[in-house]
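**Student:** To start, I am sharing the structure in question, which I have written as structure tokens.
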Amino acid sequence: MDKAFASLAHALGTAFKENPGEHWPEDVFDQWAQRVFTHQFETNPVYAAYVRKRDVTPSTVAHWSEIPWVPASAFKAVSLVSGDSARVQRVFRTSGTTEAGRRGEHHVLDLGLYEDALIPNMRRHLYGDGQGGDGPRRPILALTPAPAAMPESSLSYMLGAALNVLSGGEGGFFVTRDGVIDTVGLSEALVEAAADATPVLLAGTAFAFVHWLDWLKKRSATFDLPRGSLIMETGGFKGRSRVLERPEFYASLSEAHGIPFEAIVNEYGMTELLSQFYDGPAEAVSGMALEARRHVPPPWVRTRVLDPNTLSALPMGRPGLLCHYDLANAGSVMAVLTEDLGIAVDDGFRVLGRVQGAEPRGCSLAMDDLLSGVRS
Amino acid sequence: MKKTFDACRLPCFSGGLPTAPATFVWETIDVTESVTVRYPAWPGDAAEQLLGALREAGVLLAEVPVRDLVDCIGRVADRFLDSSDPLRHEAIDLLVPTAGISKEMASEILTGMAHDWTADRLTELLWRELGDPGVLDGFRRVDEGRRLRAKGPLLTFHVGAGTVPGVSVTSMIRALLVKSAVLLKPGLGDVVLPVLFAGALAEEAPELSDAMAVTYWPGGSSAIEGLALQRAEAVVVYGSDEVVTSLRARTPVTARFISYHHRLSVGLVGREALTTERAPGVARMAARAVSMFDQRGCVSPHAIYVEEGGAVDPGEWAAQLASAMADLEVEIPGGCLRANEASAVHQMRGSAELREASGGGVRVFRGDGSFWTVILEDEMSFTPSCLNRVVSLVPTPDLGGVAGSLGKIGRHLQTVAVEGAGDRLPRLAEALCRAGATRVTSFKKAPWPPPWWRHDGVSVFAGLIRWIDMEEADQAGSRVATRAGGVP
């Protein structure tokens, strides 16, 4: 790792670990953001040229919100490294749902910084006791491939790191690289947890959960997980053959595992961002309607909701495009405009989903649609 | 105060159908913050009544002479073209929020569309397509011993795409000309013109009133859709590949199915057009072809292949095109986009700008505060546009090589606008036709094919009408005599 980045990453990691639940005042975040932006401008020539075209330099940025974002899809088009690209430790890739589409790549200079961001945030949301103290060391039962089997998956990496640090190495991974669920192994692990009265964290993609639920349903199997167990689901159903509405999905998860609704937490994350957002501490969402839940950014992330037409920030309550400013992305690009629609609320945002749903207007075709047309 | 537009125009039946829309259960969609589109939910029995009544009206419609139909429709077209007519103003005001286009664009589109609905254009269409339009009124002698009649379906069911306003009116008019009653479900972006058209036509010709129903519902969501597919003799669908696939699967084999799935178009600019004198003019025409309909038409170019080696190189021409796009944004501004459309532009444009920033030859020209974008690519490849005035320029060493590379999109390829191919044009057109194109034209004509254009390669009335041949008995038994002579 180059020195400039190493010292920045170290300083950021230290800041993340201090009081991870405490909101950073605007000026604190702003100072950090400007420092990260300056680093990115100086060490990432591609991003710097992009920024300069907008007549922006670190000296023109009066507030972090003026830092130019890159679109999430840019991670498919170019490699965005803020530092010595020869020292990239890992390349995370977005999941390839089509053969034709290029996959997005996040070149990570410092996996340590990724862990410094993910661990305190996950500890706060999934390993607390609901009162700000530590909760049980829930073993992680992951419905994802193991990090060693799928090194390009940032989700596998995240759960691997959490398993080492937060659950004391207890738990395991129950999906093969090819996406096959080790249903027998997972069943045994869940039965064992119930027998030992050990609360667990069952974590995976929504899509994997749907297949797991189908498997359970066919066998009329259910589990009675110990109190304090949690489910973390992530990823949505984009481009998949089976889509479930969230209430229906949560009801099935709840019923199959013997845990209450409020013990199910959505993690909103993406390969392009090294920080994550949770729509609970599980305990705090008790009795809350699903649609009332909101995702809370960790203190080192700010999220703006932008008007899709004008790209100006929208007031609370008005839906727009989510644009994240994530200091954990110091080694790539901090400001990322997503294709997700959301609404700003008090201490976070509500995700409304991918921008789509309206009837398509225009003879627009994605490349994979074209190619599937050719194949058929 | 929120404005509500009823995306529904129904016949005034006497026989039991809810005549007053107040008796319907209405659903609403907020298309903008200030405009709501309202449409009736169709319970099965009401849908059945509507379809039955339309079929009855179809029987009466068959008695109206085609000349009268052309005249009535033409009078409505004249109203849409008349800048002093309140109907035109109402149409333009409503198009802006419902179609997501600017007022200037609404005016441009309405003029272009209504021009092709005038009596002169429809008459020419009928003569070109049918020879003698009288075949729609009765048997006409076409040559010695043979008479011909053309009969339209009793009822056609039209499903519009909603991408370009007015397209579903054109579809409706074609069915009316062959004397078919019409049920039209327009796309959400094209609800205004068919409703206003049907209303105005009913005023002009009360005898047509009961033969037209326009009513919106979200595709696939209503009981009326399945019933309409069963009751109509012909089904006409404009839409995405998925929509066409779904409706085709549900249409009975005995009904005619006419469909226009996703299509896309491209442009080709050859050396001969890239002279210092010609290039800026070609750029202006290309900008208009790309920007018309905010690029949502099947005729709108997604990419333009620009030949190298001319006096004006692709980079310079890209700058000329960008300048023309900027001018056009002032003359005919782009519309207000839906979140998904705007997001797609931000993603595509931002990614292209990062490719530009990473060196190589990519260059991006873009509007400030508007969506138009010109992306000069640095390699020969085709990427579909995200639409709304985003066009790729692909430098190519030789126009002759382009057709081959279009093969992979051949099944979706439609219009190819060619400029400056010189005497290479005939050979180029042959190659484009092998690649799948169904129209070779200029940038100027690209947005506005004439009414008799063989849309996606098919004649206008081919699927709609049924020809009936009547062969007359021979005079004075000459054949009998021959046969008698041959068979002892």
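Ordering of the structure tokens sets the chain letters (A, B, ...); residue numbers start at 1 within each chain; ligands are numbered from 1 in the order shown.
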Could you pull the residues within 10 Å of A:Tyr268, counting only C-alpha atoms, minus those fewer than 3 positions along the same chain, as a ChimeraX atom specification?
**Tutor:** /A:233-236,265,275-279,295-297,351
**Student:** Just write the chosen residues, C-alpha atoms, as a compact mmCIF listing (two decimals), in the first residue's frame.
**Tutor:**
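The result, written out as selection_14.txt:
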# COMPACT_ATOMS: atom_id res chain seq x y z
CA GLU A 233 -31.39 -10.70 4.06
CA THR A 234 -29.91 -8.64 1.27
CA GLY A 235 -29.90 -8.11 -2.44
CA GLY A 236 -33.48 -8.11 -3.68
CA VAL A 265 -33.27 -7.20 9.04
CA SER A 275 -20.17 0.53 3.82
CA GLN A 276 -23.56 -1.02 4.42
CA PHE A 277 -26.97 0.13 5.63
CA TYR A 278 -29.30 -1.82 7.92
CA ASP A 279 -32.99 -1.20 8.48
CA HIS A 295 -31.99 2.33 6.52
CA VAL A 296 -29.55 4.12 8.77
CA PRO A 297 -26.15 5.06 7.37
CA VAL A 351 -35.35 2.39 -0.20
**Student:** Taking the DSSP secondary structure from the backbone, can you list the residues of stretch 324-443 of chain B that are alpha helix (DSSP H), as a count of residues only?
**Tutor:** 42
**Student:** Looking only at strand (DSSP E or B) from DSSP on the backbone, list the matching residues of stretch 125-371 of chain A as a ChimeraX atom specification.
**Tutor:** /A:128,134,140-143,171-173,175,181,201-205,230-234,264-268,277-278,295-296,301-306,313,320-326,335-345,348-354
**Student:** Quick one: write out the picked residues with C-alpha atoms as a short mmCIF file (atom, residue, chain, number, x, y, z; two decimals), in the first residue's frame?
**Tutor:**
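This went into result.cif:
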data_model
loop_
_atom_site.label_atom_id
_atom_site.label_comp_id
_atom_site.auth_asym_id
_atom_site.auth_seq_id
_atom_site.Cartn_x
_atom_site.Cartn_y
_atom_site.Cartn_z
CA GLY A 128 -26.07 -5.45 20.07
CA ASP A 134 -23.15 -6.13 23.48
CA ILE A 140 -23.22 -16.80 11.48
CA LEU A 141 -24.97 -19.32 9.28
CA ALA A 142 -24.39 -17.87 5.84
CA LEU A 143 -26.53 -18.60 2.81
CA GLY A 171 -20.85 -20.76 12.08
CA GLY A 172 -20.30 -21.60 8.45
CA PHE A 173 -21.16 -21.11 4.80
CA VAL A 175 -23.80 -22.36 -0.52
CA ILE A 181 -27.43 -24.73 -1.13
CA LEU A 201 -27.51 -14.95 12.69
CA LEU A 202 -28.83 -16.52 9.51
CA ALA A 203 -27.57 -14.29 6.69
CA GLY A 204 -27.83 -14.40 2.93
CA THR A 205 -29.28 -13.05 -0.27
CA LEU A 230 -31.72 -12.89 13.64
CA ILE A 231 -32.06 -13.12 9.91
CA MET A 232 -30.21 -10.71 7.66
CA GLU A 233 -31.39 -10.70 4.06
CA THR A 234 -29.91 -8.64 1.27
CA ILE A 264 -35.51 -9.98 10.25
CA VAL A 265 -33.27 -7.20 9.04
CA ASN A 266 -32.59 -5.99 5.53
CA GLU A 267 -29.04 -5.10 4.66
CA TYR A 268 -28.79 -2.65 1.76
CA PHE A 277 -26.97 0.13 5.63
CA TYR A 278 -29.30 -1.82 7.92
CA HIS A 295 -31.99 2.33 6.52
CA VAL A 296 -29.55 4.12 8.77
CA VAL A 301 -21.61 7.87 5.21
CA ARG A 302 -23.97 10.61 4.04
CA THR A 303 -26.79 9.85 1.64
CA ARG A 304 -28.47 12.47 -0.52
CA VAL A 305 -31.73 11.99 -2.38
CA LEU A 306 -31.51 13.68 -5.78
CA ALA A 313 -31.18 17.52 -3.46
CA GLY A 320 -35.41 10.50 -5.82
CA LEU A 321 -32.14 8.79 -6.69
CA LEU A 322 -29.94 7.74 -3.80
CA CYS A 323 -26.42 9.15 -3.94
CA HIS A 324 -24.02 7.92 -1.27
CA TYR A 325 -20.89 9.62 0.03
CA ASP A 326 -18.98 6.79 1.70
CA ALA A 335 -19.45 9.57 -4.10
CA VAL A 336 -21.61 7.07 -5.98
CA LEU A 337 -24.95 7.75 -7.68
CA THR A 338 -27.07 4.61 -7.58
CA GLU A 339 -30.02 3.47 -9.67
CA ASP A 340 -32.06 3.09 -6.49
CA LEU A 341 -35.02 5.24 -5.63
CA GLY A 342 -35.46 6.33 -2.07
CA ILE A 343 -36.86 8.91 0.31
CA ALA A 344 -34.92 10.83 2.91
CA VAL A 345 -36.25 10.46 6.45
CA GLY A 348 -31.60 7.79 7.15
CA PHE A 349 -33.54 6.83 4.08
CA ARG A 350 -36.18 4.47 2.87
CA VAL A 351 -35.35 2.39 -0.20
CA LEU A 352 -38.19 2.19 -2.71
CA GLY A 353 -36.31 -0.15 -5.02
CA ARG A 354 -34.62 -0.04 -8.37
#
**Student:** What separation in Å, quoted to one decimal, exists between atom CA of A:Glu192 and atom CA of A:Phe223?
**Tutor:**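 Rounded to one decimal, the two atoms are 10.3 Å apart.
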**Student:** Using only C-alpha atoms, which of the listed residues (B:Ala352, B:Leu176, B:Gly189, B:Leu227) sits closest to B:Pro43?
**Tutor:**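 Using only C-alpha atoms, B:Pro43 sits closest to B:Leu227.
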**Student:** Looking at B:Pro165, B:Pro447, B:Gly112, B:Gly199, which one is nearest to chain A, with distances taken over only C-alpha atoms?
**Tutor:**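 Among the listed residues, the smallest separation from chain A belongs to B:Pro165.
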**Student:** I'd like the neighbourhood of B:Ser209 as an MDAnalysis selection string, where a residue qualifies if any of its atoms comes within 10 Å (using only C-alpha atoms), though same-chain residues fewer than 4 positions away should be ignored.
**Tutor:** chainID B and resid 9:13 54 57 61 181 198:205 213
**Student:** Please measure the separation of atom CA of A:Arg227 and atom CA of A:Ile259, giving the value in Å to one decimal.
**Tutor:**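 Between atom CA of A:Arg227 and atom CA of A:Ile259 the gap works out to 7.3 Å.
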**Student:** Excluding B:Arg284 and residues on its chain fewer than 2 positions from it, collect all residues at most 9 Å away from it, counting only C-alpha atoms, and give them as a list of chain:residue names.
**Tutor:**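 Close residues of B:Arg284: B:Ala279, B:Pro280, B:Gly281, B:Val282, B:Ala286, B:Ala287, B:Arg288, B:Ala289, B:Gln320, B:Leu321, B:Ser323, B:Ala324, B:Met325, B:Asp327, B:Leu328.
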**Student:** Next, the residues of the selection above should be written as a PDB file, in the first residue's frame with N, CA and C atoms.
**Tutor:**
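Output file out_32.pdb follows:
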ATOM      1  N   ALA B 279     -21.068  18.798 -44.167  1.00  0.00           N
ATOM      2  CA  ALA B 279     -21.095  18.150 -42.855  1.00  0.00           C
ATOM      3  C   ALA B 279     -21.992  18.844 -41.815  1.00  0.00           C
ATOM      4  N   PRO B 280     -21.934  20.189 -41.690  1.00  0.00           N
ATOM      5  CA  PRO B 280     -22.774  20.814 -40.646  1.00  0.00           C
ATOM      6  C   PRO B 280     -24.263  20.617 -40.908  1.00  0.00           C
ATOM      7  N   GLY B 281     -24.656  20.641 -42.182  1.00  0.00           N
ATOM      8  CA  GLY B 281     -26.066  20.435 -42.518  1.00  0.00           C
ATOM      9  C   GLY B 281     -26.508  19.021 -42.180  1.00  0.00           C
ATOM     10  N   VAL B 282     -25.653  18.055 -42.488  1.00  0.00           N
ATOM     11  CA  VAL B 282     -25.977  16.664 -42.147  1.00  0.00           C
ATOM     12  C   VAL B 282     -26.077  16.513 -40.627  1.00  0.00           C
ATOM     13  N   ALA B 286     -29.189  15.109 -38.570  1.00  0.00           N
ATOM     14  CA  ALA B 286     -28.990  13.959 -37.676  1.00  0.00           C
ATOM     15  C   ALA B 286     -29.480  14.304 -36.272  1.00  0.00           C
ATOM     16  N   ALA B 287     -29.188  15.534 -35.836  1.00  0.00           N
ATOM     17  CA  ALA B 287     -29.623  15.953 -34.497  1.00  0.00           C
ATOM     18  C   ALA B 287     -31.142  15.903 -34.392  1.00  0.00           C
ATOM     19  N   ARG B 288     -31.799  16.305 -35.479  1.00  0.00           N
ATOM     20  CA  ARG B 288     -33.261  16.302 -35.474  1.00  0.00           C
ATOM     21  C   ARG B 288     -33.800  14.874 -35.452  1.00  0.00           C
ATOM     22  N   ALA B 289     -33.156  13.998 -36.216  1.00  0.00           N
ATOM     23  CA  ALA B 289     -33.609  12.601 -36.250  1.00  0.00           C
ATOM     24  C   ALA B 289     -33.451  11.950 -34.874  1.00  0.00           C
ATOM     25  N   GLN B 320     -19.806  19.023 -34.295  1.00  0.00           N
ATOM     26  CA  GLN B 320     -20.880  19.679 -35.056  1.00  0.00           C
ATOM     27  C   GLN B 320     -22.245  19.128 -34.646  1.00  0.00           C
ATOM     28  N   LEU B 321     -22.291  17.809 -34.455  1.00  0.00           N
ATOM     29  CA  LEU B 321     -23.559  17.197 -34.041  1.00  0.00           C
ATOM     30  C   LEU B 321     -23.955  17.720 -32.653  1.00  0.00           C
ATOM     31  N   SER B 323     -23.198  20.535 -31.304  1.00  0.00           N
ATOM     32  CA  SER B 323     -23.656  21.911 -31.410  1.00  0.00           C
ATOM     33  C   SER B 323     -25.098  21.950 -31.942  1.00  0.00           C
ATOM     34  N   ALA B 324     -25.398  21.068 -32.892  1.00  0.00           N
ATOM     35  CA  ALA B 324     -26.763  21.007 -33.421  1.00  0.00           C
ATOM     36  C   ALA B 324     -27.742  20.477 -32.362  1.00  0.00           C
ATOM     37  N   MET B 325     -27.282  19.524 -31.554  1.00  0.00           N
ATOM     38  CA  MET B 325     -28.145  18.993 -30.486  1.00  0.00           C
ATOM     39  C   MET B 325     -28.454  20.108 -29.474  1.00  0.00           C
ATOM     40  N   ASP B 327     -28.498  23.347 -30.088  1.00  0.00           N
ATOM     41  CA  ASP B 327     -29.435  24.291 -30.708  1.00  0.00           C
ATOM     42  C   ASP B 327     -30.862  23.745 -30.667  1.00  0.00           C
ATOM     43  N   LEU B 328     -30.972  22.466 -30.953  1.00  0.00           N
ATOM     44  CA  LEU B 328     -32.297  21.858 -31.004  1.00  0.00           C
ATOM     45  C   LEU B 328     -32.944  21.805 -29.613  1.00  0.00           C
TER      46      LEU B 328
END
**Student:** Residues within 7 Å of B:Gly436, please, as a ChimeraX atom specification. Count only C-alpha atoms; anything in the same chain fewer than 5 positions from it doesn't count.
**Tutor:** /B:410-411,413
**Student:** Here is a test: counting only C-alpha atoms, which residue of A:Val184, A:Val91, A:Ala221, A:Ala72 is nearest to chain B?
**Tutor:**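 Using only C-alpha atoms, the shortest distance to chain B belongs to A:Ala72.
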